[in-house]
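J.: Let me give you the structure first, and then I'll get to my questions.
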Amino acid sequence: MFFNNKSQSNHDLNTLGSNNEQSIDLNNLVNTNSSPDLSSSQAQSVLTEIDNIYNKQNIGSGASAPIRRKIKKTSSNVTKAKKTFLDNLALLVGSGMGINTSLRILHKNTQDKSLKKVLYSMLISVENGSSLSQTMQEHNFLPDFLVSLIRIGEESGNLADKIKRTVISLDKDHRRRGQLRSALFYPIFVLVLTTVLGVGVSTFILPRIGQVFANMNVKLPLMTKILIQLGNFMGTYWYILVPLIFSTITIIILILFVFPATRKSGQWLLFHLPVFNDLIVKTEVSRFSYNLAMLLNSGIPITKALSSLSKVHDYYMYKNYTNDLANNIQGGKSFHNIFDMNKKKTNSIFPFAAQEIITAGEESGKLPEVLEQLGEKYEQESESIAKNIAVLLEPALLIVVWIGVVFLAVAILLPIYSLVGNFQT
């Protein structure tokens with residue numbers, strides 16, 4: 001069930017907002033047996049009461065202008081709360097309930113405070129005559145290609161089905177991102193753990209080993225001298241070096257993978273790493289193929305579909321390439337012509353097999369069907385790579401750890417062997 005509140009009598013008052021003690025009865029809004037939407041007088045009465053409550057709570061910026069006139073924008077990124085909202089909206093609309101009533105019910109039952117404010121603003125827009133797709137675009141609620149899909153559903157009278165397709169697309173995107181995050185977790189965990197152990201050994205163990213060797217009347221090899229100097233340095237300035245090392249690692253991660261202005265460098269690095277390159281290519285081609293097929297099957301022109309998809313990709317190289325596809329197709333070129341224009345760039349973005357399949361689908365007039373099959377094929381392959389990435393990366397990580405362990409062992413054991421040799425002579 002999408003309702004989160006406990007069962008209560010029809011005369012109970014439902015609270016709006018966690019800190020609000022005023023409430024209104026909206027149970028009569030759910031009576032879908034008589035009419036899916038409220039009459040205009042009922043709607044106006046309900047909205048007036050909601051408006052008064054929100055104004056008293058000072059939700060939003062706190063400005064004196066009525067909230068009714070404001071558009072509460074949000075990020076087009078799809079959060080878990082938004083996906084749950086779309087799931088529930090598809091159920092309500094599919095059961096025959098009107099958009100207005102569905103939005104009121106979901107607004108009332110939404111626990112996410114920021115989403116609740118956006119839904120209230122969207123509800124006002126819809127009550128004032130805007131369509132669902134129009135108000136979603138005004139509020140920057142979803143990516144453009146999903147808004148286009150919902151607009152087609154409104155125009156064709158098949159809105160519930162298009163919302164369900166939107167949810168399926170979001171599920172697939174969430175799964176693809178999860179695959180890449182899972183793939184990155186193992187090597188990052190191993191490298192961070194190795195760094196922590198290395199810093200711990202250098203700070204607390206090496207200085208003591210250095211003191212032992214300093215009392216020995218033996219010539220130390222170069223590796224041991226380097227190790228002792230490192231240990232003495234870490235033991236003396238650990239309170240500066242340890243925070244500096246971990247803050248540096250954090251800053252590097254933020255620069256490479258978090259900050260929008262510099263994230264391209266991290267994407268370029270991942271794109272050129274073995275194993276990760278194959279995972280990224282198949283994940284992005286799967287996303288491109290499935291979403292383009294979904295838009296084309298819904299009747300959206302290919303140039304508009306490609307233009308919308310160019311904003312969806314996570315990696316800048318796919319954003320740029322998809323935008324180039326839209327511009328070139330707008331200019332009258334086919335996929336085959338575009339793929340041949342810059343083979344080196346195209347081959348790095350799309351596998352040759354994918355290019356041939358798309359070209360064949362275009363020439364046969366079955367591009368949407370071919371794209372959907374291609375998306376499923378590469379989705380399965382990307383899932384397989386993500387599951388096996390720990391096995392694929394394990395040799396490289398073991399080599400890195402092995403080099404560190406061997407260096408430490410040799411540096412410690414060489415002086416001991418020299419000392420034993422002196423005792424024997």
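Letters for chains follow the order of the structure tokens (A, B, ...), residue numbers begin at 1 for each chain, and ligand numbers begin at 1 in the order shown.
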Set the distance at 10 Å and use only C-alpha atoms: which residues neighbour region 377-381 of chain A once local chain neighbours fewer than 3 positions away are removed? I'd like the list as a ChimeraX atom specification.
T.: /A:172,175-176,278-279,281-287,289-290,354,371-374,384-387
J.: Do you know which residues are at most 10 Å from region 191-205 of chain A counting only C-alpha atoms, after dropping those on the same chain fewer than 4 positions away, and could you put them as a list in words?
T.: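 Final neighbour list, sorted by chain and number: Tyr186, Pro187, Ile209, Gly210, Leu227, Ile228, Gln229, Leu230, Gly231, Asn232, Phe233, Met234, Gly235, Thr236, Tyr237, Trp238, Tyr239, Leu241, Val242, Ile245, Phe246, Ile249, Leu397, Val400, Val401, Gly404, Val405 and Leu408 of chain A.
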J.: Which residues, written as a list in words, have at least one atom at most 7 Å from Lys164 (chain A), with only C-alpha atoms counted and residues fewer than 4 positions away on the same chain left out?
T.: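 The residues satisfying every condition are Ala90, Ala160 and Ile168 of chain A.
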J.: Any chance you could export the current selection's C-alpha atoms as a short mmCIF file (atom, residue, chain, number, x, y, z; two decimals), in the first residue's frame?
T.:
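Output file selection.cif is given in full below:
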data_model
loop_
_atom_site.label_atom_id
_atom_site.label_comp_id
_atom_site.auth_asym_id
_atom_site.auth_seq_id
_atom_site.Cartn_x
_atom_site.Cartn_y
_atom_site.Cartn_z
CA ALA A 90 0.75 5.22 -11.82
CA ALA A 160 -0.89 5.49 -16.60
CA ILE A 168 10.75 1.14 -15.44
#
J.: Nearest residue to Val406 (chain A) out of A:Leu115, A:Met223, A:Met341, A:Val258, using only C-alpha atoms?
T.: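 For Val406 (chain A), the nearest of the given residues is A:Met223.
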J.: List the spatial neighbours of Ser131 (chain A) as a list in words - criterion: any atom at most 12 Å away, only C-alpha atoms, same-chain residues fewer than 2 positions off excluded.
T.: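 Residues meeting the cut-off are Gly98, Ile99, Asn100, Met122, Leu123, Ile124, Ser125, Val126, Glu127, Asn128, Gly129, Ser133, Gln134, Thr135, Met136, Gln137, Glu138, Val147, Ile150, Arg151, Ile152, Gly153, Glu154, Glu155 and Leu159 of chain A.
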J.: I need the residues from that last selection saved to file as a PDB file, in the first residue's frame (with C-alpha atoms), if you can.
T.:
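Produced file result.pdb, reproduced below:
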ATOM      1  CA  GLY A  98      -8.074  11.932 -11.822  1.00  0.00           C
ATOM      2  CA  ILE A  99      -4.728  13.726 -11.722  1.00  0.00           C
ATOM      3  CA  ASN A 100      -5.992  16.395  -9.320  1.00  0.00           C
ATOM      4  CA  MET A 122       2.498  21.272  -8.544  1.00  0.00           C
ATOM      5  CA  LEU A 123      -0.997  20.655  -7.200  1.00  0.00           C
ATOM      6  CA  ILE A 124      -1.746  24.371  -7.351  1.00  0.00           C
ATOM      7  CA  SER A 125      -0.476  24.556 -10.944  1.00  0.00           C
ATOM      8  CA  VAL A 126      -2.633  21.612 -12.022  1.00  0.00           C
ATOM      9  CA  GLU A 127      -5.680  23.113 -10.282  1.00  0.00           C
ATOM     10  CA  ASN A 128      -5.052  26.330 -12.191  1.00  0.00           C
ATOM     11  CA  GLY A 129      -5.263  24.498 -15.514  1.00  0.00           C
ATOM     12  CA  SER A 133       3.721  17.300 -17.998  1.00  0.00           C
ATOM     13  CA  GLN A 134       3.693  21.086 -18.136  1.00  0.00           C
ATOM     14  CA  THR A 135       3.811  21.497 -14.385  1.00  0.00           C
ATOM     15  CA  MET A 136       6.570  18.859 -14.098  1.00  0.00           C
ATOM     16  CA  GLN A 137       8.612  20.804 -16.638  1.00  0.00           C
ATOM     17  CA  GLU A 138       7.967  24.099 -14.841  1.00  0.00           C
ATOM     18  CA  VAL A 147       8.544  14.671 -19.169  1.00  0.00           C
ATOM     19  CA  ILE A 150       4.385  11.774 -19.850  1.00  0.00           C
ATOM     20  CA  ARG A 151       3.240  14.474 -22.303  1.00  0.00           C
ATOM     21  CA  ILE A 152       2.719  11.782 -24.954  1.00  0.00           C
ATOM     22  CA  GLY A 153       0.695   9.789 -22.427  1.00  0.00           C
ATOM     23  CA  GLU A 154      -1.564  12.779 -21.777  1.00  0.00           C
ATOM     24  CA  GLU A 155      -2.093  13.426 -25.472  1.00  0.00           C
ATOM     25  CA  LEU A 159      -1.017   8.353 -19.098  1.00  0.00           C
TER      26      LEU A 159
END
J.: Based on the backbone DSSP call, show me all residues of region 260-403 of chain A assigned helix (DSSP H, G or I), as a PyMOL selection string.
T.: chain A and resi 263-271+276-297+302-309+316-330+335-341+343-349+352-364+367-403
J.: Output C-alpha atoms for every residue in the selection just made, as a compact mmCIF listing (two decimals), in the first residue's frame.
T.:
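The result, written out as again_7.txt:
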# COMPACT_ATOMS: atom_id res chain seq x y z
CA ARG A 263 34.30 15.65 -12.68
CA LYS A 264 35.21 15.24 -16.36
CA SER A 265 38.78 14.39 -15.41
CA GLY A 266 37.61 11.51 -13.21
CA GLN A 267 35.26 10.29 -15.92
CA TRP A 268 38.10 10.39 -18.45
CA LEU A 269 40.30 8.40 -16.06
CA LEU A 270 37.67 5.71 -15.45
CA PHE A 271 36.85 5.56 -19.15
CA PHE A 276 35.99 -0.15 -16.16
CA ASN A 277 36.04 1.01 -19.78
CA ASP A 278 34.11 -2.06 -20.88
CA LEU A 279 31.61 -1.65 -18.03
CA ILE A 280 31.01 2.05 -18.74
CA VAL A 281 30.61 1.53 -22.51
CA LYS A 282 28.08 -1.27 -22.13
CA THR A 283 26.18 0.53 -19.37
CA GLU A 284 25.86 3.77 -21.34
CA VAL A 285 25.03 2.03 -24.65
CA SER A 286 22.35 0.04 -22.83
CA ARG A 287 20.90 3.25 -21.37
CA PHE A 288 21.04 5.02 -24.75
CA SER A 289 19.42 2.13 -26.64
CA TYR A 290 16.64 1.40 -24.16
CA ASN A 291 15.62 5.03 -23.58
CA LEU A 292 15.74 5.92 -27.29
CA ALA A 293 13.60 2.87 -28.12
CA MET A 294 11.09 3.85 -25.44
CA LEU A 295 10.81 7.42 -26.77
CA LEU A 296 10.54 6.34 -30.42
CA ASN A 297 7.85 3.78 -29.56
CA ILE A 302 14.10 11.05 -33.22
CA THR A 303 15.81 14.45 -33.16
CA LYS A 304 13.85 15.55 -30.10
CA ALA A 305 14.43 12.17 -28.44
CA LEU A 306 18.20 12.36 -28.99
CA SER A 307 18.32 15.96 -27.79
CA SER A 308 16.56 14.95 -24.55
CA LEU A 309 18.80 11.91 -24.04
CA TYR A 316 30.39 13.80 -20.78
CA MET A 317 31.64 11.88 -23.85
CA TYR A 318 28.20 10.32 -24.29
CA LYS A 319 26.44 13.63 -23.65
CA ASN A 320 28.49 15.29 -26.40
CA TYR A 321 28.17 12.40 -28.84
CA THR A 322 24.40 12.07 -28.41
CA ASN A 323 24.03 15.82 -28.93
CA ASP A 324 26.11 15.52 -32.13
CA LEU A 325 23.84 12.68 -33.28
CA ALA A 326 20.78 14.91 -32.81
CA ASN A 327 22.35 17.80 -34.75
CA ASN A 328 23.56 15.60 -37.62
CA ILE A 329 20.26 13.74 -37.96
CA GLN A 330 18.51 17.11 -37.93
CA PHE A 335 23.22 6.82 -38.33
CA HIS A 336 25.42 5.05 -40.88
CA ASN A 337 26.75 8.38 -42.22
CA ILE A 338 27.40 9.71 -38.72
CA PHE A 339 29.20 6.56 -37.58
CA ASP A 340 31.48 6.78 -40.65
CA MET A 341 32.25 10.49 -40.19
CA LYS A 343 35.24 6.28 -36.83
CA LYS A 344 37.89 6.67 -34.13
CA LYS A 345 35.61 8.60 -31.79
CA THR A 346 32.58 6.45 -32.60
CA ASN A 347 34.44 3.19 -31.98
CA SER A 348 35.48 4.41 -28.52
CA ILE A 349 31.86 5.27 -27.66
CA PHE A 352 31.35 -1.88 -33.69
CA ALA A 353 28.67 -4.56 -33.27
CA ALA A 354 26.28 -1.97 -31.81
CA GLN A 355 26.93 0.36 -34.76
CA GLU A 356 26.09 -2.41 -37.24
CA ILE A 357 22.92 -3.38 -35.37
CA ILE A 358 21.68 0.24 -35.21
CA THR A 359 22.46 0.76 -38.90
CA ALA A 360 20.60 -2.42 -39.85
CA GLY A 361 17.60 -1.39 -37.76
CA GLU A 362 17.54 2.04 -39.37
CA GLU A 363 17.66 0.59 -42.89
CA SER A 364 14.96 -2.00 -42.18
CA LEU A 367 14.96 0.88 -35.27
CA PRO A 368 12.89 0.97 -32.02
CA GLU A 369 12.66 -2.85 -31.85
CA VAL A 370 16.36 -3.27 -32.61
CA LEU A 371 17.34 -0.63 -30.05
CA GLU A 372 15.26 -2.32 -27.35
CA GLN A 373 16.93 -5.69 -28.03
CA LEU A 374 20.35 -4.01 -28.07
CA GLY A 375 19.65 -2.33 -24.73
CA GLU A 376 18.66 -5.63 -23.11
CA LYS A 377 21.73 -7.38 -24.54
CA TYR A 378 24.21 -4.82 -23.21
CA GLU A 379 22.39 -4.55 -19.89
CA GLN A 380 22.93 -8.28 -19.33
CA GLU A 381 26.59 -7.98 -20.32
CA SER A 382 27.17 -4.99 -18.02
CA GLU A 383 25.56 -6.89 -15.13
CA SER A 384 27.90 -9.81 -15.79
CA ILE A 385 30.96 -7.54 -15.80
CA ALA A 386 29.85 -5.80 -12.59
CA LYS A 387 29.41 -9.14 -10.82
CA ASN A 388 32.84 -10.37 -11.91
CA ILE A 389 34.78 -7.14 -11.58
CA ALA A 390 36.23 -8.11 -8.20
CA VAL A 391 37.66 -11.27 -9.77
CA LEU A 392 38.99 -9.31 -12.76
CA LEU A 393 40.67 -6.65 -10.61
CA GLU A 394 41.98 -8.97 -7.91
CA PRO A 395 45.31 -9.78 -9.65
CA ALA A 396 46.20 -6.10 -10.11
CA LEU A 397 45.29 -5.26 -6.51
CA LEU A 398 47.25 -8.23 -5.20
CA ILE A 399 50.31 -7.06 -7.12
CA VAL A 400 50.08 -3.60 -5.54
CA VAL A 401 49.74 -5.05 -2.04
CA TRP A 402 52.45 -7.66 -2.73
CA ILE A 403 54.99 -4.97 -3.77
J.: Work out how far CA of Asp87 (chain A) is from CA of Lys117 (chain A), in Å to one decimal.
T.: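 These two atoms are separated by 18.7 Å.
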